[in-house]
$ cat protein.tsv   # TSV, C-alpha atoms
chain	number	residue	atom	x	y	z
A	27	MET	CA	-76.16	-66.88	-68.90
A	28	ILE	CA	-79.83	-67.89	-68.64
A	29	ASN	CA	-78.88	-71.38	-69.86
A	30	TRP	CA	-76.27	-71.65	-67.11
A	31	MET	CA	-78.69	-70.43	-64.46
A	32	LEU	CA	-81.42	-72.87	-65.47
A	33	HIS	CA	-79.17	-75.91	-65.59
A	34	SER	CA	-77.26	-74.94	-62.44
A	35	GLY	CA	-80.59	-74.77	-60.64
A	36	LEU	CA	-81.65	-78.15	-62.04
A	37	ILE	CA	-78.37	-79.81	-61.07
A	38	ALA	CA	-78.65	-78.30	-57.59
A	39	PHE	CA	-82.19	-79.67	-57.29
A	40	LEU	CA	-81.09	-83.14	-58.44
A	41	ALA	CA	-78.18	-82.98	-56.01
A	42	PHE	CA	-80.58	-82.18	-53.18
A	43	LEU	CA	-82.74	-85.17	-54.13
A	44	GLY	CA	-79.65	-87.38	-54.09
A	45	PHE	CA	-78.68	-86.04	-50.68
A	46	ARG	CA	-82.22	-86.56	-49.41
A	47	PHE	CA	-82.85	-90.08	-50.66
A	48	VAL	CA	-79.38	-91.73	-50.83
A	49	LYS	CA	-78.54	-91.30	-47.17
A	50	THR	CA	-75.49	-92.50	-45.24
A	51	GLU	CA	-74.23	-92.15	-41.71
A	52	LEU	CA	-71.57	-89.72	-42.92
A	53	PRO	CA	-71.84	-85.99	-42.19
A	54	GLY	CA	-73.69	-84.01	-44.85
A	55	TRP	CA	-70.62	-82.00	-45.80
A	56	VAL	CA	-68.99	-85.16	-47.18
A	57	TYR	CA	-71.71	-85.43	-49.83
A	58	TRP	CA	-71.41	-81.81	-50.92
A	59	LEU	CA	-67.61	-81.85	-50.88
A	60	GLY	CA	-67.54	-85.02	-52.98
A	61	LEU	CA	-70.02	-83.51	-55.43
A	62	LEU	CA	-67.99	-80.30	-55.71
A	63	LEU	CA	-64.79	-82.27	-56.39
A	64	LYS	CA	-66.49	-84.40	-59.04
A	65	LEU	CA	-68.10	-81.46	-60.85
A	66	SER	CA	-64.83	-79.50	-60.72
A	67	ALA	CA	-62.90	-82.50	-62.08
A	68	GLY	CA	-65.16	-82.66	-65.13
A	69	ILE	CA	-64.53	-78.98	-65.86
A	70	VAL	CA	-60.77	-79.31	-65.32
A	71	LEU	CA	-60.68	-82.33	-67.65
A	72	GLY	CA	-62.30	-80.25	-70.38
A	73	LEU	CA	-59.93	-77.34	-69.81
A	74	ILE	CA	-56.87	-79.58	-70.04
A	75	PHE	CA	-57.98	-81.16	-73.31
A	76	TYR	CA	-59.18	-77.90	-74.86
A	77	GLU	CA	-56.37	-75.62	-73.70
A	78	TYR	CA	-53.35	-77.95	-73.43
A	79	TYR	CA	-53.86	-80.87	-75.82
A	80	GLU	CA	-56.33	-79.02	-78.09
A	81	SER	CA	-57.81	-82.41	-79.01
A	82	GLY	CA	-58.81	-85.69	-77.42
A	83	ASP	CA	-61.69	-88.12	-76.95
A	84	THR	CA	-63.79	-85.77	-74.85
A	85	ILE	CA	-63.70	-83.06	-77.55
A	86	ALA	CA	-64.27	-85.55	-80.37
A	87	PHE	CA	-67.25	-87.11	-78.58
A	88	PHE	CA	-68.84	-83.75	-77.86
A	89	GLU	CA	-68.39	-82.45	-81.41
A	90	ALA	CA	-69.74	-85.69	-82.89
A	91	ALA	CA	-72.78	-85.50	-80.62
A	92	LYS	CA	-73.34	-81.81	-81.33
A	93	ASN	CA	-72.96	-82.11	-85.11
A	94	LEU	CA	-74.81	-85.45	-85.33
A	95	THR	CA	-71.73	-87.02	-86.91
A	96	GLU	CA	-71.92	-90.77	-87.53
A	97	VAL	CA	-69.02	-92.90	-86.34
A	98	GLU	CA	-68.37	-95.97	-88.44
A	99	ASN	CA	-67.02	-99.30	-87.16
A	100	GLN	CA	-66.96	-98.10	-83.55
A	101	PRO	CA	-70.04	-99.60	-81.86
A	102	ARG	CA	-68.94	-98.61	-78.34
A	103	THR	CA	-68.52	-94.99	-79.39
A	104	GLN	CA	-71.86	-95.09	-81.22
A	105	PHE	CA	-73.58	-96.32	-78.07
A	106	PHE	CA	-71.93	-93.60	-75.98
A	107	LEU	CA	-73.00	-90.95	-78.50
A	108	LYS	CA	-76.60	-92.15	-78.34
A	109	ILE	CA	-76.57	-91.29	-74.64
A	110	LEU	CA	-74.55	-88.12	-75.08
A	111	ARG	CA	-76.58	-86.51	-77.89
A	112	PRO	CA	-79.83	-85.94	-75.96
A	113	VAL	CA	-77.86	-84.30	-73.14
A	114	VAL	CA	-76.03	-82.03	-75.59
A	115	VAL	CA	-79.36	-81.00	-77.13
A	116	PHE	CA	-80.86	-80.47	-73.65
A	117	THR	CA	-77.97	-78.18	-72.66
A	118	ASP	CA	-78.26	-76.20	-75.92
A	119	GLY	CA	-74.87	-77.43	-77.14
A	120	SER	CA	-72.85	-76.47	-74.06
A	121	TYR	CA	-69.81	-78.67	-73.46
A	122	TRP	CA	-69.40	-77.43	-69.90
A	123	ILE	CA	-72.98	-77.96	-68.77
A	124	THR	CA	-73.04	-81.37	-70.44
A	125	SER	CA	-69.86	-82.21	-68.54
A	126	LEU	CA	-71.54	-81.22	-65.27
A	127	TYR	CA	-74.43	-83.62	-65.93
A	128	PHE	CA	-72.11	-86.53	-66.71
A	129	SER	CA	-70.00	-85.77	-63.65
A	130	PHE	CA	-73.14	-85.60	-61.52
A	131	ILE	CA	-74.36	-89.00	-62.74
A	132	SER	CA	-70.95	-90.47	-62.00
A	133	PHE	CA	-70.95	-88.92	-58.53
A	134	ILE	CA	-74.38	-90.30	-57.64
A	135	SER	CA	-73.22	-93.77	-58.70
A	136	PHE	CA	-70.10	-93.51	-56.55
A	137	TRP	CA	-72.15	-92.12	-53.67
A	138	TYR	CA	-74.56	-95.03	-53.95
A	139	GLY	CA	-71.62	-97.44	-53.94
A	140	LEU	CA	-70.26	-95.67	-50.87
A	141	LYS	CA	-73.64	-95.96	-49.17
A	142	VAL	CA	-73.95	-99.69	-49.80
A	143	LEU	CA	-70.40	-100.56	-48.76
A	144	SER	CA	-70.43	-98.30	-45.69
A	145	ASN	CA	-73.66	-99.97	-44.54
A	146	LEU	CA	-72.09	-103.40	-44.99
A	147	TYR	CA	-68.73	-102.37	-43.49
A	148	PRO	CA	-69.44	-99.45	-41.12
A	149	ASP	CA	-66.07	-99.72	-39.37
A	150	ILE	CA	-64.24	-98.63	-42.55
A	151	ARG	CA	-66.82	-96.04	-43.66
A	152	TRP	CA	-64.26	-93.22	-43.79
A	153	LEU	CA	-61.74	-95.33	-45.65
A	154	ILE	CA	-64.33	-96.17	-48.33
A	155	THR	CA	-65.12	-92.45	-48.57
A	156	ILE	CA	-61.48	-91.58	-49.24
A	157	CYS	CA	-61.05	-94.32	-51.86
A	158	PHE	CA	-64.24	-93.44	-53.73
A	159	LEU	CA	-64.54	-89.67	-53.38
A	160	ILE	CA	-61.18	-88.11	-52.49
A	161	ILE	CA	-58.23	-89.77	-54.31
A	162	PRO	CA	-57.47	-87.29	-57.13
A	163	SER	CA	-56.94	-89.59	-60.12
A	164	ILE	CA	-60.03	-91.65	-59.26
A	165	VAL	CA	-62.16	-88.52	-59.07
A	166	PHE	CA	-60.64	-87.01	-62.22
A	167	TRP	CA	-60.85	-89.97	-64.60
A	168	SER	CA	-64.43	-90.79	-63.61
A	169	SER	CA	-65.71	-87.30	-64.45
A	170	GLY	CA	-66.76	-85.35	-67.53
A	171	ILE	CA	-67.57	-86.34	-71.09
A	172	ILE	CA	-65.56	-89.54	-71.46
A	173	LYS	CA	-66.60	-93.15	-71.71
A	174	ASP	CA	-64.60	-93.89	-68.57
A	175	SER	CA	-66.92	-91.81	-66.40
A	176	MET	CA	-69.93	-93.81	-67.57
A	177	ALA	CA	-68.06	-97.12	-67.35
A	178	SER	CA	-66.81	-96.42	-63.82
A	179	ALA	CA	-70.31	-95.49	-62.72
A	180	ALA	CA	-71.82	-98.63	-64.24
A	181	LEU	CA	-69.09	-100.84	-62.78
A	182	ILE	CA	-69.50	-99.54	-59.26
A	183	VAL	CA	-73.27	-100.07	-59.11
A	184	PHE	CA	-72.80	-103.56	-60.58
A	185	VAL	CA	-70.04	-104.51	-58.14
A	186	VAL	CA	-71.61	-103.15	-54.94
A	187	SER	CA	-74.97	-104.72	-55.85
A	188	MET	CA	-73.23	-108.07	-56.25
A	189	ILE	CA	-71.41	-107.61	-52.94
A	190	GLN	CA	-74.67	-106.72	-51.18
A	191	THR	CA	-76.34	-109.81	-52.64
A	192	TYR	CA	-73.42	-111.92	-51.43
A	193	LYS	CA	-73.48	-110.43	-47.92
A	194	LEU	CA	-77.27	-110.54	-47.49
A	195	LYS	CA	-77.49	-113.98	-49.13
A	196	ARG	CA	-80.51	-112.86	-51.15
A	197	LEU	CA	-81.08	-110.85	-54.31
A	198	LEU	CA	-83.16	-107.73	-53.74
A	199	ILE	CA	-85.19	-106.31	-56.63
A	200	PRO	CA	-83.32	-102.94	-56.60
A	201	ASP	CA	-80.00	-104.80	-56.73
A	202	LEU	CA	-81.21	-106.93	-59.65
A	203	ILE	CA	-82.24	-103.81	-61.55
A	204	LEU	CA	-78.91	-102.10	-60.92
A	205	ILE	CA	-76.98	-105.24	-61.90
A	206	LEU	CA	-78.88	-105.42	-65.19
A	207	ILE	CA	-78.46	-101.71	-65.93
A	208	GLY	CA	-74.77	-101.70	-64.96
A	209	GLY	CA	-74.08	-104.86	-66.92
A	210	PHE	CA	-75.89	-103.54	-70.00
A	211	ILE	CA	-73.89	-100.29	-70.02
A	212	LEU	CA	-70.60	-102.12	-69.46
A	213	LEU	CA	-71.39	-104.57	-72.26
A	214	TYR	CA	-71.85	-101.75	-74.77
A	215	VAL	CA	-69.30	-99.22	-73.49
A	216	LYS	CA	-66.40	-101.29	-72.13
A	217	HIS	CA	-66.95	-104.97	-72.86
A	218	TYR	CA	-63.70	-106.00	-71.15
A	219	LEU	CA	-65.04	-104.48	-67.91
A	220	PHE	CA	-68.24	-106.47	-68.38
A	221	ILE	CA	-66.18	-109.66	-68.66
A	222	THR	CA	-64.18	-108.68	-65.57
A	223	ALA	CA	-67.36	-107.98	-63.60
A	224	ILE	CA	-68.76	-111.39	-64.59
A	225	ILE	CA	-65.54	-113.17	-63.56
A	226	PHE	CA	-65.49	-111.30	-60.22
A	227	SER	CA	-69.08	-112.32	-59.54
A	228	ALA	CA	-68.50	-115.92	-60.59
A	229	VAL	CA	-65.45	-116.34	-58.33
A	230	LEU	CA	-67.22	-114.61	-55.43
A	231	PHE	CA	-70.33	-116.78	-55.54
A	232	SER	CA	-68.45	-119.94	-56.46
A	233	LEU	CA	-66.25	-119.69	-53.37
A	234	SER	CA	-69.25	-118.79	-51.24
A	235	LEU	CA	-71.13	-121.80	-52.55
A	236	TYR	CA	-68.09	-124.02	-51.96
A	237	ARG	CA	-68.12	-123.16	-48.25
A	238	GLN	CA	-71.82	-123.92	-47.91
A	239	LEU	CA	-71.96	-127.24	-49.76
A	240	GLN	CA	-71.17	-130.63	-48.33
A	241	PRO	CA	-67.80	-131.98	-49.49
A	242	LYS	CA	-69.30	-134.45	-51.97
A	243	TRP	CA	-71.22	-131.65	-53.70
A	244	ARG	CA	-68.52	-128.98	-53.75
A	245	PHE	CA	-67.55	-129.78	-57.32
A	246	ALA	CA	-70.81	-128.04	-58.30
A	247	SER	CA	-69.34	-124.70	-57.22
A	248	ILE	CA	-66.72	-125.05	-59.96
A	249	LEU	CA	-69.53	-125.10	-62.51
A	250	VAL	CA	-70.33	-121.49	-61.66
A	251	ILE	CA	-66.88	-120.35	-62.80
A	252	PHE	CA	-66.94	-122.68	-65.79
A	253	ILE	CA	-70.31	-121.38	-67.00
A	254	ALA	CA	-69.15	-117.78	-66.50
A	255	LEU	CA	-65.95	-118.36	-68.48
A	256	VAL	CA	-67.87	-120.03	-71.30
A	257	GLY	CA	-70.31	-117.13	-71.31
A	258	THR	CA	-67.52	-114.57	-71.72
A	259	GLN	CA	-66.58	-116.19	-75.02
A	260	PHE	CA	-69.73	-114.75	-76.58
A	261	VAL	CA	-69.26	-111.14	-75.40
A	262	HIS	CA	-66.98	-110.05	-78.24
A	263	PRO	CA	-65.22	-112.10	-80.95
A	264	TYR	CA	-61.90	-110.34	-80.34
A	265	LEU	CA	-61.98	-111.39	-76.67
A	266	ALA	CA	-62.53	-115.08	-77.31
A	267	ILE	CA	-59.78	-117.11	-75.65
A	268	ASN	CA	-58.14	-118.14	-78.93
A	269	ARG	CA	-58.06	-114.55	-80.26
A	270	ILE	CA	-56.88	-112.72	-77.14
A	271	PRO	CA	-53.15	-112.85	-78.08
A	272	TRP	CA	-53.92	-111.42	-81.54
A	273	THR	CA	-56.14	-108.69	-80.06
A	274	LEU	CA	-53.53	-107.72	-77.48
A	275	GLN	CA	-50.73	-107.70	-80.05
A	276	GLN	CA	-52.69	-105.58	-82.52
A	277	ASN	CA	-53.63	-103.02	-79.87
A	278	ASN	CA	-50.13	-103.04	-78.44
A	279	GLN	CA	-48.51	-102.25	-81.79
A	280	ALA	CA	-51.11	-99.62	-82.71
A	281	ILE	CA	-50.62	-97.75	-79.41
A	282	LEU	CA	-46.83	-97.91	-79.64
A	283	GLU	CA	-46.87	-96.46	-83.16
A	284	LYS	CA	-48.94	-93.49	-82.01
A	285	SER	CA	-46.97	-92.86	-78.80
A	286	ASP	CA	-43.96	-90.64	-78.26
A	287	SER	CA	-40.90	-92.46	-76.94
A	288	GLU	CA	-41.17	-90.88	-73.47
A	289	ASP	CA	-44.80	-92.00	-73.14
A	290	ARG	CA	-44.20	-95.65	-74.00
A	291	LEU	CA	-44.07	-98.52	-71.55
A	292	ASN	CA	-41.37	-101.14	-72.05
A	293	ILE	CA	-43.97	-103.69	-73.08
A	294	VAL	CA	-43.79	-104.85	-76.70
A	295	LEU	CA	-45.70	-107.82	-78.07
A	296	GLU	CA	-43.78	-108.94	-81.12
A	297	GLU	CA	-45.99	-111.95	-81.87
A	298	ASP	CA	-49.65	-112.84	-81.42
A	299	SER	CA	-49.04	-115.92	-79.29
A	300	TRP	CA	-49.78	-116.92	-75.71
A	301	THR	CA	-46.06	-117.52	-75.18
A	302	GLU	CA	-45.34	-113.88	-76.04
A	303	VAL	CA	-48.20	-112.67	-73.86
A	304	ILE	CA	-47.16	-114.74	-70.83
A	305	SER	CA	-43.52	-113.66	-71.13
A	306	ASN	CA	-44.63	-110.03	-70.77
A	307	VAL	CA	-47.01	-110.61	-67.85
A	308	PRO	CA	-44.50	-109.63	-65.10
A	309	LYS	CA	-43.78	-106.25	-66.73
A	310	ALA	CA	-47.45	-105.71	-67.42
A	311	LEU	CA	-48.47	-106.50	-63.85
A	312	HIS	CA	-45.84	-104.13	-62.47
A	313	ALA	CA	-47.09	-101.37	-64.75
A	314	GLY	CA	-50.73	-102.11	-64.03
A	315	LEU	CA	-50.22	-101.87	-60.29
A	316	PHE	CA	-47.43	-99.35	-59.73
A	317	ARG	CA	-46.67	-97.24	-62.81
A	318	PRO	CA	-46.09	-94.44	-63.46
A	319	SER	CA	-43.65	-94.54	-60.55
A	320	LEU	CA	-41.60	-91.76	-58.98
A	321	PHE	CA	-38.82	-92.60	-61.45
A	322	ASP	CA	-40.94	-92.33	-64.61
A	323	GLN	CA	-41.05	-89.17	-66.70
A	324	THR	CA	-44.52	-87.66	-67.04
A	325	PRO	CA	-46.12	-84.24	-67.56
A	326	VAL	CA	-46.32	-82.16	-64.41
A	327	TRP	CA	-49.79	-83.42	-63.44
A	328	GLY	CA	-48.43	-86.95	-63.81
A	329	TRP	CA	-46.93	-86.42	-60.38
A	330	ILE	CA	-50.38	-87.06	-58.95
A	331	HIS	CA	-50.36	-90.59	-60.37
A	332	ARG	CA	-46.74	-91.12	-59.36
A	333	VAL	CA	-47.36	-90.14	-55.73
A	334	GLU	CA	-50.55	-92.21	-55.59
A	335	ASN	CA	-48.70	-95.28	-56.86
A	336	PHE	CA	-45.91	-94.73	-54.34
A	337	LEU	CA	-48.52	-94.57	-51.58
A	338	LEU	CA	-50.10	-97.74	-52.98
A	339	ILE	CA	-46.77	-99.58	-52.71
A	340	ILE	CA	-46.41	-98.53	-49.07
A	341	LEU	CA	-49.98	-99.61	-48.24
A	342	MET	CA	-49.53	-102.94	-49.99
A	343	MET	CA	-46.30	-103.68	-48.11
A	344	MET	CA	-47.92	-102.69	-44.80
A	345	SER	CA	-50.91	-104.91	-45.54
A	346	ILE	CA	-48.71	-107.94	-46.20
A	347	ILE	CA	-46.74	-107.36	-42.99
A	348	LEU	CA	-49.86	-106.79	-40.88
A	349	PHE	CA	-51.57	-109.84	-42.33
A	350	PHE	CA	-48.78	-112.17	-41.24
A	351	LYS	CA	-48.19	-110.35	-37.97
A	352	LYS	CA	-51.75	-109.84	-36.76
A	353	LYS	CA	-53.46	-112.83	-38.44
A	354	HIS	CA	-56.51	-110.78	-39.37
A	355	LYS	CA	-59.70	-112.54	-40.37
A	356	ILE	CA	-60.22	-112.25	-44.13
A	357	ASP	CA	-63.36	-112.72	-46.20
A	358	TRP	CA	-61.56	-114.95	-48.66
A	359	ALA	CA	-64.40	-115.26	-51.16
A	360	LEU	CA	-64.65	-111.48	-51.54
A	361	PHE	CA	-60.89	-110.98	-51.41
A	362	VAL	CA	-60.08	-113.62	-54.02
A	363	GLY	CA	-62.93	-112.52	-56.29
A	364	SER	CA	-61.78	-108.89	-56.11
A	365	LEU	CA	-58.15	-109.86	-56.63
A	366	CYS	CA	-59.01	-111.90	-59.73
A	367	GLY	CA	-60.79	-108.94	-61.30
A	368	ILE	CA	-58.08	-106.42	-60.37
A	369	LEU	CA	-55.16	-108.60	-61.50
A	370	LEU	CA	-56.90	-109.46	-64.77
A	371	LEU	CA	-57.22	-105.77	-65.63
A	372	ALA	CA	-53.79	-104.89	-64.22
A	373	ILE	CA	-52.21	-107.39	-66.61
A	374	MET	CA	-54.33	-107.02	-69.73
A	375	LEU	CA	-54.55	-103.22	-69.87
A	376	PRO	CA	-50.78	-102.53	-69.95
A	377	LEU	CA	-50.35	-105.29	-72.54
A	378	SER	CA	-52.90	-103.71	-74.85
A	379	THR	CA	-52.22	-100.03	-74.03
A	380	PRO	CA	-48.47	-99.55	-73.39
A	381	ASN	CA	-48.82	-95.77	-73.09
A	382	PHE	CA	-48.77	-93.86	-69.78
A	383	GLY	CA	-51.49	-91.41	-70.71
A	384	THR	CA	-53.93	-94.09	-71.82
A	385	LEU	CA	-53.00	-96.50	-69.05
A	386	VAL	CA	-53.66	-94.14	-66.13
A	387	ARG	CA	-57.11	-93.43	-67.54
A	388	TYR	CA	-57.99	-97.09	-68.03
A	389	LYS	CA	-56.51	-98.09	-64.66
A	390	ASN	CA	-59.09	-95.90	-62.98
A	391	SER	CA	-61.69	-98.67	-63.39
A	392	TYR	CA	-60.04	-100.79	-60.68
A	393	MET	CA	-58.05	-98.26	-58.66
A	394	PRO	CA	-60.79	-97.53	-56.07
A	395	TYR	CA	-61.01	-101.22	-55.22
A	396	LEU	CA	-57.25	-101.73	-55.24
A	397	PHE	CA	-56.73	-98.80	-52.88
A	398	LEU	CA	-59.49	-100.08	-50.62
A	399	ILE	CA	-58.09	-103.62	-50.42
A	400	CYS	CA	-54.57	-102.35	-49.71
A	401	SER	CA	-55.75	-99.85	-47.09
A	402	VAL	CA	-58.07	-101.91	-44.88
A	403	LEU	CA	-55.44	-103.51	-42.64
A	404	PRO	CA	-53.31	-100.34	-42.24
A	405	TYR	CA	-56.49	-98.39	-41.50
A	406	HIS	CA	-57.54	-100.85	-38.78
A	407	TYR	CA	-54.04	-100.79	-37.34
A	408	PHE	CA	-53.70	-97.01	-37.12
A	409	THR	CA	-57.23	-96.42	-35.87
A	410	SER	CA	-56.79	-99.05	-33.16
A	411	GLN	CA	-53.49	-97.46	-32.15
A	412	ALA	CA	-55.17	-94.07	-31.91
A	413	HIS	CA	-57.69	-95.43	-29.38
A	414	LYS	CA	-55.06	-96.91	-27.08
$ encode --input "protein.tsv" --output "structure tokens"
Amino acid sequence: MINWMLHSGLIAFLAFLGFRFVKTELPGWVYWLGLLLKLSAGIVLGLIFYEYYESGDTIAFFEAAKNLTEVENQPRTQFFLKILRPVVVFTDGSYWITSLYFSFISFISFWYGLKVLSNLYPDIRWLITICFLIIPSIVFWSSGIIKDSMASAALIVFVVSMIQTYKLKRLLIPDLILILIGGFILLYVKHYLFITAIIFSAVLFSLSLYRQLQPKWRFASILVIFIALVGTQFVHPYLAINRIPWTLQQNNQAILEKSDSEDRLNIVLEEDSWTEVISNVPKALHAGLFRPSLFDQTPVWGWIHRVENFLLIILMMMSIILFFKKKHKIDWALFVGSLCGILLLAIMLPLSTPNFGTLVRYKNSYMPYLFLICSVLPYHYFTSQAHK
């Protein structure tokens, strides 16, 4: 009880500091509600894995950190455990308090991302708030003792710092620091997210540079993307361009073997060739964007993902209609850069992880941005109608 009281007081103090120094134009209750949802999600995640599944990554990570167990041939897990172990020791071996700290760190990262984007785009401040702090699956899978909570936090500070640099047309020292920290964590926790973040940044700044250069010099903007793509070949040997089909096929078969029939996606890579990969891209893209759907069979809490994906379909259709009807002005550099990153993950993740349970967790890395992109035009439309 004393342990709980001490750490609850410390978390409350840290939360107050976050509220005090990471300010937005939003009402104060939004911060505290978002924090409460995030902390609760981390506890619920632990309860589900302990009480329902009785196993899972979050339990395995905690036990390995608590018992100082070494994990062989898993460098990403080893890196995560190096961060997790001091927190476990600090909390006197409490899973639940450790979960609260990880959820808090994730929340502060999301709140910082919300602050930056709402300052850059104040007219959609409330929409950004919903996409980052309220949508259930986004809150849930970025909380607690899982690598995804750390990866999501690192990705958001990296992405919003890049967007701020793009919008301000200068690189601030705080943004540089956050880009380096976010990139470092992504590189060692989820290297495919690091590659995606690099590609997003390269496309964003390449298109921005293209608009600024004189026609005879515009070819130089292509070099930005070329250099970025070459650089990604050194991130991980299994993600080199010539080995991607083999990596996808190996992961695909391993996941299918471990999955129950009702949990499997209809995506099977029989061969490790680009022809096989490309032939499965349509199914993978559909799964990455819209599954599980209302027609898929999932556990009862899978309905949350099914309803969210149904809503996403509606928003996407509305956005397409409104774009052609209203001819809205689009920031094409930011839109295309974001779309490249989202589509890359939406295709590659289902190909390598054709399992509903794993997919919904991994999809969380790009779902906040996908929801935001698909919601901007409908949000503008309905808010403008409300003021008429």
$ residues_around --input "protein.tsv" --residues "stretch 380-397 of chain A" --least-positions-apart "4" --cutoff "6 Å" --atoms "all atoms listed in the file" --output "ChimeraX atom specification"
/A:157-158,164,167,178,289-291,368,376,401
$ closest_residue --input "protein.tsv" --among "A:Leu73, A:Leu338, A:Ile28, A:Leu315" --to "A:Leu365" --atoms "only C-alpha atoms"
A:Leu315
$ residues_around --input "protein.tsv" --residues "A:Trp358" --least-positions-apart "4" --cutoff "10 Å" --atoms "only C-alpha atoms" --output "PyMOL selection string"
chain A and resi 230+233-234+362-364
$ residues_near_point --input "protein.tsv" --point "(-64.6, -77.6, -66.7)" --cutoff "9 Å" --atoms "all atoms listed in the file" --output "PyMOL selection string"
chain A and resi 65-74+121-123+125-126+170
$ atom_distance --input "protein.tsv" --atom1 "atom CA of A:Val183" --atom2 "atom CA of A:Ser247"
25.0 Å
$ closest_residue --input "protein.tsv" --among "A:Lys284, A:Arg102, A:His217, A:Lys193" --to "A:Gln259" --atoms "only C-alpha atoms"
A:His217
$ closest_residue --input "protein.tsv" --among "A:Leu63, A:Thr124, A:Leu213, A:Leu249" --to "A:Phe231" --atoms "all atoms listed in the file"
A:Leu249
$ closest_residue --input "protein.tsv" --among "A:Leu255, A:Leu403, A:Ile293, A:Leu235" --to "A:Thr222" --atoms "only C-alpha atoms"
A:Leu255
$ closest_residue --input "protein.tsv" --among "A:Cys400, A:Val294, A:Leu204, A:Ala41" --to "A:Tyr127" --atoms "all atoms listed in the file"
A:Ala41
$ closest_residue --input "protein.tsv" --among "A:Ile160, A:Ile199, A:Ile207, A:Val142" --to "A:Leu181" --atoms "all atoms listed in the file"
A:Ile207
$ residues_near_point --input "protein.tsv" --point "(-75.5, -104.8, -63.1)" --cutoff "9 Å" --atoms "all atoms listed in the file" --output "list in words"
Ala180, Leu181, Ile182, Val183, Phe184, Val185, Ser187, Met188, Asp201, Leu202, Ile203, Leu204, Ile205, Leu206, Ile207, Gly208, Gly209, Phe210, Ile211, Leu212 and Ala223 of chain A
$ residues_around --input "protein.tsv" --residues "A:Val114" --least-positions-apart "3" --cutoff "7 Å" --atoms "all atoms listed in the file" --output "VMD selection string"
chain A and resid 91 to 92 110 to 111 117 to 120 124
$ residues_around --input "protein.tsv" --residues "A:Trp300" --least-positions-apart "6" --cutoff "12 Å" --atoms "only C-alpha atoms" --output "MDAnalysis selection string"
chainID A and resid 267:275 306:307
$ residues_around --input "protein.tsv" --residues "A:Trp329" --least-positions-apart "2" --cutoff "12 Å" --atoms "all atoms listed in the file" --output "VMD selection string"
chain A and resid 162 to 163 317 to 327 331 to 336 386
$ atom_distance --input "protein.tsv" --atom1 "atom CA of A:Gln238" --atom2 "atom CA of A:Ile154"
28.7 Å
$ atom_distance --input "protein.tsv" --atom1 "atom CA of A:Ile189" --atom2 "atom CA of A:Ala313"
27.7 Å
$ axis_aligned_box --input "protein.tsv" --around "stretch 391-401 of chain A" --padding-each-side "5 Å" --output "JSON"
{"center_x": -58.1, "center_y": -100.6, "center_z": -55.2, "size_x": 17.1, "size_y": 16.1, "size_z": 26.3}
$ closest_atom_pairs --input "protein.tsv" --of "stretch 125-202 of chain A" --to "stretch 77-86 of chain A" --cutoff "9 Å" --atoms "all atoms listed in the file" --output "tab-separated table"
residue	atom	partner	partner_atom	distance
A:Gly170	CA	A:Thr84	CA	7.9
A:Ile171	CA	A:Thr84	CA	5.4
A:Ile172	CA	A:Thr84	CA	5.4
A:Lys173	CA	A:Thr84	CA	8.5
$ build_atoms --input "protein.tsv" --residues "stretch 156-166 of chain A" --atoms "N, CA and C atoms" --output "PDB file, in the coordinates of the input"
ATOM      1  N   ILE A 156     -62.728 -92.085 -48.646  1.00  0.00           N
ATOM      2  CA  ILE A 156     -61.480 -91.580 -49.240  1.00  0.00           C
ATOM      3  C   ILE A 156     -61.207 -92.260 -50.577  1.00  0.00           C
ATOM      4  N   CYS A 157     -61.363 -93.576 -50.635  1.00  0.00           N
ATOM      5  CA  CYS A 157     -61.050 -94.320 -51.860  1.00  0.00           C
ATOM      6  C   CYS A 157     -62.005 -93.983 -52.998  1.00  0.00           C
ATOM      7  N   PHE A 158     -63.248 -93.682 -52.688  1.00  0.00           N
ATOM      8  CA  PHE A 158     -64.240 -93.440 -53.730  1.00  0.00           C
ATOM      9  C   PHE A 158     -64.396 -91.971 -54.103  1.00  0.00           C
ATOM     10  N   LEU A 159     -64.183 -91.067 -53.142  1.00  0.00           N
ATOM     11  CA  LEU A 159     -64.540 -89.670 -53.380  1.00  0.00           C
ATOM     12  C   LEU A 159     -63.378 -88.685 -53.325  1.00  0.00           C
ATOM     13  N   ILE A 160     -62.223 -89.088 -52.784  1.00  0.00           N
ATOM     14  CA  ILE A 160     -61.180 -88.110 -52.490  1.00  0.00           C
ATOM     15  C   ILE A 160     -59.906 -88.299 -53.328  1.00  0.00           C
ATOM     16  N   ILE A 161     -59.489 -89.537 -53.599  1.00  0.00           N
ATOM     17  CA  ILE A 161     -58.230 -89.770 -54.310  1.00  0.00           C
ATOM     18  C   ILE A 161     -58.285 -89.086 -55.677  1.00  0.00           C
ATOM     19  N   PRO A 162     -57.362 -88.171 -55.960  1.00  0.00           N
ATOM     20  CA  PRO A 162     -57.470 -87.290 -57.130  1.00  0.00           C
ATOM     21  C   PRO A 162     -57.672 -87.988 -58.471  1.00  0.00           C
ATOM     22  N   SER A 163     -56.833 -88.974 -58.796  1.00  0.00           N
ATOM     23  CA  SER A 163     -56.940 -89.590 -60.120  1.00  0.00           C
ATOM     24  C   SER A 163     -58.246 -90.351 -60.286  1.00  0.00           C
ATOM     25  N   ILE A 164     -58.757 -90.931 -59.198  1.00  0.00           N
ATOM     26  CA  ILE A 164     -60.030 -91.650 -59.260  1.00  0.00           C
ATOM     27  C   ILE A 164     -61.168 -90.683 -59.528  1.00  0.00           C
ATOM     28  N   VAL A 165     -61.139 -89.543 -58.856  1.00  0.00           N
ATOM     29  CA  VAL A 165     -62.160 -88.520 -59.070  1.00  0.00           C
ATOM     30  C   VAL A 165     -62.063 -87.972 -60.500  1.00  0.00           C
ATOM     31  N   PHE A 166     -60.846 -87.678 -60.935  1.00  0.00           N
ATOM     32  CA  PHE A 166     -60.640 -87.010 -62.220  1.00  0.00           C
ATOM     33  C   PHE A 166     -61.075 -87.877 -63.395  1.00  0.00           C
TER      34      PHE A 166
END
